[in-house]
file model17.txt (compact mmCIF, C-alpha atoms)
# COMPACT_ATOMS: atom_id res chain seq x y z
CA MET A 1 -27.88 192.53 -115.52
CA THR A 2 -31.63 192.15 -115.17
CA SER A 3 -33.42 189.74 -112.91
CA THR A 4 -35.49 186.94 -114.42
CA ARG A 5 -37.81 186.93 -111.39
CA LYS A 6 -41.30 188.19 -111.99
CA THR A 7 -42.97 190.68 -109.70
CA THR A 8 -46.62 191.55 -109.52
CA ARG A 9 -45.99 195.12 -110.68
CA SER A 10 -43.12 196.36 -112.79
CA THR A 11 -42.18 198.96 -110.15
CA GLU A 12 -41.73 196.43 -107.32
CA THR A 13 -38.23 195.46 -106.27
CA PHE A 14 -38.99 192.29 -104.30
CA THR A 15 -40.91 189.15 -105.22
CA ALA A 16 -43.88 188.04 -103.15
CA GLU A 17 -41.70 185.32 -101.59
CA GLU A 18 -39.03 187.85 -100.61
CA ARG A 19 -41.61 190.19 -99.08
CA ALA A 20 -43.10 187.28 -97.12
CA ALA A 21 -39.64 186.35 -95.79
CA MET A 22 -39.05 189.95 -94.67
CA LYS A 23 -42.41 190.00 -92.89
CA GLU A 24 -41.54 186.74 -91.14
CA ARG A 25 -38.21 188.22 -90.01
CA ALA A 26 -39.96 191.32 -88.62
CA GLN A 27 -42.37 189.08 -86.70
CA GLU A 28 -39.43 187.01 -85.37
CA LEU A 29 -37.81 190.18 -84.03
CA LYS A 30 -41.04 191.33 -82.36
CA THR A 31 -41.56 187.94 -80.74
CA SER A 32 -37.96 187.83 -79.55
CA ALA A 33 -38.25 191.24 -77.91
CA ARG A 34 -41.28 190.14 -75.84
CA ARG A 35 -39.64 187.12 -74.20
CA SER A 36 -38.45 187.33 -70.62
CA SER A 37 -35.89 184.70 -69.62
CA ARG A 38 -33.04 183.28 -71.65
CA ALA A 39 -34.19 179.71 -71.00
CA ASP A 40 -37.73 180.55 -72.16
CA LYS A 41 -36.36 182.21 -75.29
CA ALA A 42 -34.13 179.22 -76.13
CA ALA A 43 -36.98 176.74 -75.64
CA GLU A 44 -39.39 178.84 -77.71
CA ASP A 45 -36.81 179.31 -80.47
CA GLU A 46 -36.13 175.57 -80.67
CA ALA A 47 -39.87 174.81 -80.73
CA ALA A 48 -40.36 177.38 -83.51
CA VAL A 49 -37.59 175.78 -85.59
CA VAL A 50 -39.04 172.28 -85.12
CA ALA A 51 -42.53 173.56 -86.02
CA LYS A 52 -41.23 175.31 -89.15
CA ILE A 53 -39.44 172.14 -90.23
CA ALA A 54 -42.66 170.14 -89.72
CA GLU A 55 -44.48 172.52 -92.13
CA MET A 56 -42.05 171.85 -94.98
CA GLN A 57 -42.79 169.63 -97.96
CA ASP A 58 -41.55 166.05 -97.64
CA ALA A 59 -38.13 166.23 -99.34
CA ASP A 60 -37.16 169.50 -97.64
CA ARG A 61 -38.58 168.38 -94.29
CA VAL A 62 -36.48 165.20 -94.28
CA MET A 63 -33.31 167.15 -95.08
CA ALA A 64 -34.10 169.87 -92.53
CA GLU A 65 -34.74 167.29 -89.79
CA ARG A 66 -31.40 165.59 -90.51
CA ILE A 67 -29.54 168.90 -90.67
CA HIS A 68 -31.13 169.99 -87.39
CA ALA A 69 -29.90 166.78 -85.75
CA VAL A 70 -26.42 167.08 -87.29
CA VAL A 71 -26.01 170.73 -86.24
CA LYS A 72 -27.15 170.01 -82.67
CA ALA A 73 -24.77 167.05 -82.40
CA SER A 74 -21.81 168.78 -84.07
CA ALA A 75 -22.08 172.17 -82.40
CA PRO A 76 -24.28 172.02 -79.28
CA GLY A 77 -23.29 175.61 -78.49
CA LEU A 78 -25.22 176.93 -81.48
CA ALA A 79 -28.74 178.06 -80.65
CA PRO A 80 -31.57 177.14 -83.06
CA LYS A 81 -33.74 180.07 -84.13
CA LEU A 82 -35.87 181.19 -87.04
CA TRP A 83 -34.21 183.56 -89.47
CA TYR A 84 -36.34 184.96 -92.29
CA GLY A 85 -38.78 182.15 -91.54
CA MET A 86 -36.22 179.38 -91.95
CA PRO A 87 -34.21 177.26 -89.48
CA ALA A 88 -30.92 178.85 -88.48
CA TYR A 89 -28.28 178.32 -85.79
CA ALA A 90 -26.67 181.21 -83.93
CA LYS A 91 -23.71 181.90 -81.69
CA ASP A 92 -23.94 184.90 -79.37
CA GLY A 93 -27.14 185.94 -81.17
CA LYS A 94 -25.50 186.02 -84.62
CA VAL A 95 -26.56 183.46 -87.25
CA VAL A 96 -23.71 181.13 -88.17
CA CYS A 97 -25.53 178.72 -90.49
CA PHE A 98 -29.01 178.23 -91.93
CA PHE A 99 -31.24 175.95 -93.98
CA GLN A 100 -33.48 177.31 -96.72
CA SER A 101 -36.11 175.03 -98.21
CA ALA A 102 -36.57 174.85 -101.95
CA GLN A 103 -40.24 175.77 -101.62
CA LYS A 104 -39.44 179.04 -99.79
CA PHE A 105 -38.43 180.83 -102.98
CA ASN A 106 -39.72 178.29 -105.51
CA ALA A 107 -36.15 177.11 -106.10
CA ARG A 108 -34.91 173.93 -107.72
CA TYR A 109 -32.98 172.88 -104.61
CA ALA A 110 -32.73 173.54 -100.87
CA THR A 111 -29.72 175.42 -99.51
CA PHE A 112 -27.52 175.03 -96.46
CA GLY A 113 -25.38 178.10 -95.95
CA PHE A 114 -23.05 179.96 -93.65
CA ASN A 115 -22.91 183.64 -92.70
CA ASP A 116 -19.75 185.66 -92.17
CA LYS A 117 -19.83 184.80 -88.44
CA ALA A 118 -18.76 181.26 -89.46
CA ASN A 119 -15.07 180.46 -89.09
CA LEU A 120 -14.63 178.83 -92.49
CA ASP A 121 -12.01 181.10 -94.07
CA GLU A 122 -9.67 179.24 -96.44
CA GLY A 123 -7.27 181.49 -98.29
CA THR A 124 -8.93 184.14 -100.41
CA MET A 125 -12.02 182.19 -101.52
CA TRP A 126 -14.28 179.54 -99.94
CA PRO A 127 -17.86 178.30 -100.35
CA THR A 128 -20.56 179.77 -98.13
CA ALA A 129 -23.64 177.88 -99.34
CA PHE A 130 -24.42 174.44 -100.69
CA ALA A 131 -27.28 173.29 -102.91
CA LEU A 132 -29.03 170.19 -101.55
CA THR A 133 -31.27 167.76 -103.40
CA LYS A 134 -30.90 164.96 -100.83
CA LEU A 135 -28.54 164.05 -98.00
CA THR A 136 -26.25 161.04 -97.94
CA ALA A 137 -24.30 159.85 -94.91
CA ALA A 138 -21.19 161.43 -96.45
CA ASP A 139 -23.05 164.74 -96.89
CA GLU A 140 -24.16 164.68 -93.26
CA ALA A 141 -20.59 164.00 -92.13
CA ARG A 142 -19.29 166.92 -94.22
CA ILE A 143 -21.99 169.23 -92.89
CA GLY A 144 -21.14 168.14 -89.35
CA GLU A 145 -17.45 168.92 -89.89
CA LEU A 146 -18.20 172.31 -91.44
CA VAL A 147 -20.65 173.27 -88.69
CA LYS A 148 -18.19 172.25 -85.98
CA ARG A 149 -15.49 174.35 -87.64
CA ALA A 150 -17.88 177.26 -88.26
CA ALA A 151 -18.95 177.34 -84.62
CA GLY A 152 -15.38 177.12 -83.33
call {"tool": "encode", "arguments": {"input": "model17.txt", "output": "structure tokens"}}
result
Amino acid sequence: MTSTRKTTRSTETFTAEERAAMKERAQELKTSARRSSRADKAAEDEAAVVAKIAEMQDADRVMAERIHAVVKASAPGLAPKLWYGMPAYAKDGKVVCFFQSAQKFNARYATFGFNDKANLDEGTMWPTAFALTKLTAADEARIGELVKRAAG
């Protein structure tokens, strides 16, 4: 199966957006290594997430702000942090869930997803990411329940 994504040269494997995300992740790791105290790191990580959300385009920013509030209320033990340049929430340093704006990879919709650290197993198959075009109160409640379960 061939990818429909265009690259700048036919020999390149990653798109410009993917390379930019990898560079952001490398910078996040360098910044994290330089911090001294746990409290300083947590405060800086939260500030970085809030700043990244503020940079997003209107529709994504509104959803990211609501998701940030829902995650913090539903699972206060999860620590906000940037992950590949996007807001994420970690437990014991491992990302449990994340938000990816539509503009990040020129996608049609934003995504809220879970990593394998999340405790969401249901039988032999379960969803790990959700496409978002807007958030309703019911969506926020479902996200809150999933995040609470994932963090448990």
call {"tool": "closest_residue", "arguments": {"input": "model17.txt", "among": "A:Tyr84, A:Arg149, A:Tyr109, A:Ala51", "to": "Glu24 of chain A", "atoms": "all atoms listed in the file"}}
result
A:Tyr84
call {"tool": "residues_around", "arguments": {"input": "model17.txt", "residues": "Phe130 of chain A", "least_positions_apart": "2", "cutoff": "7 Å", "atoms": "all atoms listed in the file", "output": "list in words"}}
result
Thr111, Phe112, Gly113 and Leu132 of chain A
call {"tool": "atom_distance", "arguments": {"input": "model17.txt", "atom1": "atom CA of Asn119 of chain A", "atom2": "atom CA of Glu44 of chain A"}}
result
26.9 Å
call {"tool": "closest_residue", "arguments": {"input": "model17.txt", "among": "A:Leu146, A:Phe105, A:Lys94, A:Glu46", "to": "Pro80 of chain A", "atoms": "only C-alpha atoms"}}
result
A:Glu46
call {"tool": "atom_distance", "arguments": {"input": "model17.txt", "atom1": "atom CA of Asp121 of chain A", "atom2": "atom CA of Lys148 of chain A"}}
result
13.5 Å
call {"tool": "closest_atom_pairs", "arguments": {"input": "model17.txt", "of": "segment 33-146 of chain A", "to": "segment 25-28 of chain A", "cutoff": "12 Å", "atoms": "only C-alpha atoms", "output": "CSV"}}
result
residue,atom,partner,partner_atom,distance
A:Ala33,CA,A:Glu28,CA,8.7
A:Arg34,CA,A:Glu28,CA,10.2
A:Arg35,CA,A:Glu28,CA,11.2
A:Lys41,CA,A:Glu28,CA,11.6
A:Glu44,CA,A:Glu28,CA,11.2
A:Asp45,CA,A:Glu28,CA,9.5
A:Ala48,CA,A:Glu28,CA,9.9
A:Val49,CA,A:Glu28,CA,11.4
A:Lys81,CA,A:Glu28,CA,9.1
A:Leu82,CA,A:Glu28,CA,7.0
A:Trp83,CA,A:Arg25,CA,6.2
A:Tyr84,CA,A:Arg25,CA,4.4
A:Gly85,CA,A:Arg25,CA,6.3
A:Met86,CA,A:Arg25,CA,9.3
A:Pro87,CA,A:Arg25,CA,11.7
A:Ala88,CA,A:Arg25,CA,12.0
call {"tool": "atom_distance", "arguments": {"input": "model17.txt", "atom1": "atom CA of Ala150 of chain A", "atom2": "atom CA of Leu78 of chain A"}}
result
10.0 Å
call {"tool": "residues_around", "arguments": {"input": "model17.txt", "residues": "Ala118 of chain A", "least_positions_apart": "3", "cutoff": "9 Å", "atoms": "only C-alpha atoms", "output": "count of residues only"}}
result
12
call {"tool": "residues_around", "arguments": {"input": "model17.txt", "residues": "segment 67-70 of chain A", "least_positions_apart": "4", "cutoff": "10 Å", "atoms": "all atoms listed in the file", "output": "mmCIF file with C-alpha atoms, in the frame of the given file"}}
result
data_model
loop_
_atom_site.group_PDB
_atom_site.id
_atom_site.type_symbol
_atom_site.label_atom_id
_atom_site.label_comp_id
_atom_site.auth_asym_id
_atom_site.auth_seq_id
_atom_site.Cartn_x
_atom_site.Cartn_y
_atom_site.Cartn_z
ATOM 1 C CA VAL A 49 -37.590 175.780 -85.590
ATOM 2 C CA VAL A 50 -39.040 172.280 -85.120
ATOM 3 C CA ILE A 53 -39.440 172.140 -90.230
ATOM 4 C CA ARG A 61 -38.580 168.380 -94.290
ATOM 5 C CA VAL A 62 -36.480 165.200 -94.280
ATOM 6 C CA MET A 63 -33.310 167.150 -95.080
ATOM 7 C CA SER A 74 -21.810 168.780 -84.070
ATOM 8 C CA ALA A 75 -22.080 172.170 -82.400
ATOM 9 C CA PRO A 76 -24.280 172.020 -79.280
ATOM 10 C CA PRO A 80 -31.570 177.140 -83.060
ATOM 11 C CA PRO A 87 -34.210 177.260 -89.480
ATOM 12 C CA ALA A 88 -30.920 178.850 -88.480
ATOM 13 C CA TYR A 89 -28.280 178.320 -85.790
ATOM 14 C CA PHE A 98 -29.010 178.230 -91.930
ATOM 15 C CA PHE A 99 -31.240 175.950 -93.980
ATOM 16 C CA PHE A 112 -27.520 175.030 -96.460
ATOM 17 C CA LEU A 135 -28.540 164.050 -98.000
ATOM 18 C CA ASP A 139 -23.050 164.740 -96.890
ATOM 19 C CA GLU A 140 -24.160 164.680 -93.260
ATOM 20 C CA ALA A 141 -20.590 164.000 -92.130
ATOM 21 C CA ARG A 142 -19.290 166.920 -94.220
ATOM 22 C CA ILE A 143 -21.990 169.230 -92.890
ATOM 23 C CA GLY A 144 -21.140 168.140 -89.350
ATOM 24 C CA GLU A 145 -17.450 168.920 -89.890
ATOM 25 C CA VAL A 147 -20.650 173.270 -88.690
ATOM 26 C CA LYS A 148 -18.190 172.250 -85.980
#
call {"tool": "closest_residue", "arguments": {"input": "model17.txt", "among": "A:Lys104, A:Glu65, A:Ala110, A:Lys117", "to": "Asp92 of chain A", "atoms": "all atoms listed in the file"}}
result
A:Lys117
call {"tool": "closest_residue", "arguments": {"input": "model17.txt", "among": "A:Glu122, A:Ala59, A:Thr13, A:Arg66", "to": "Ser101 of chain A", "atoms": "only C-alpha atoms"}}
result
A:Ala59
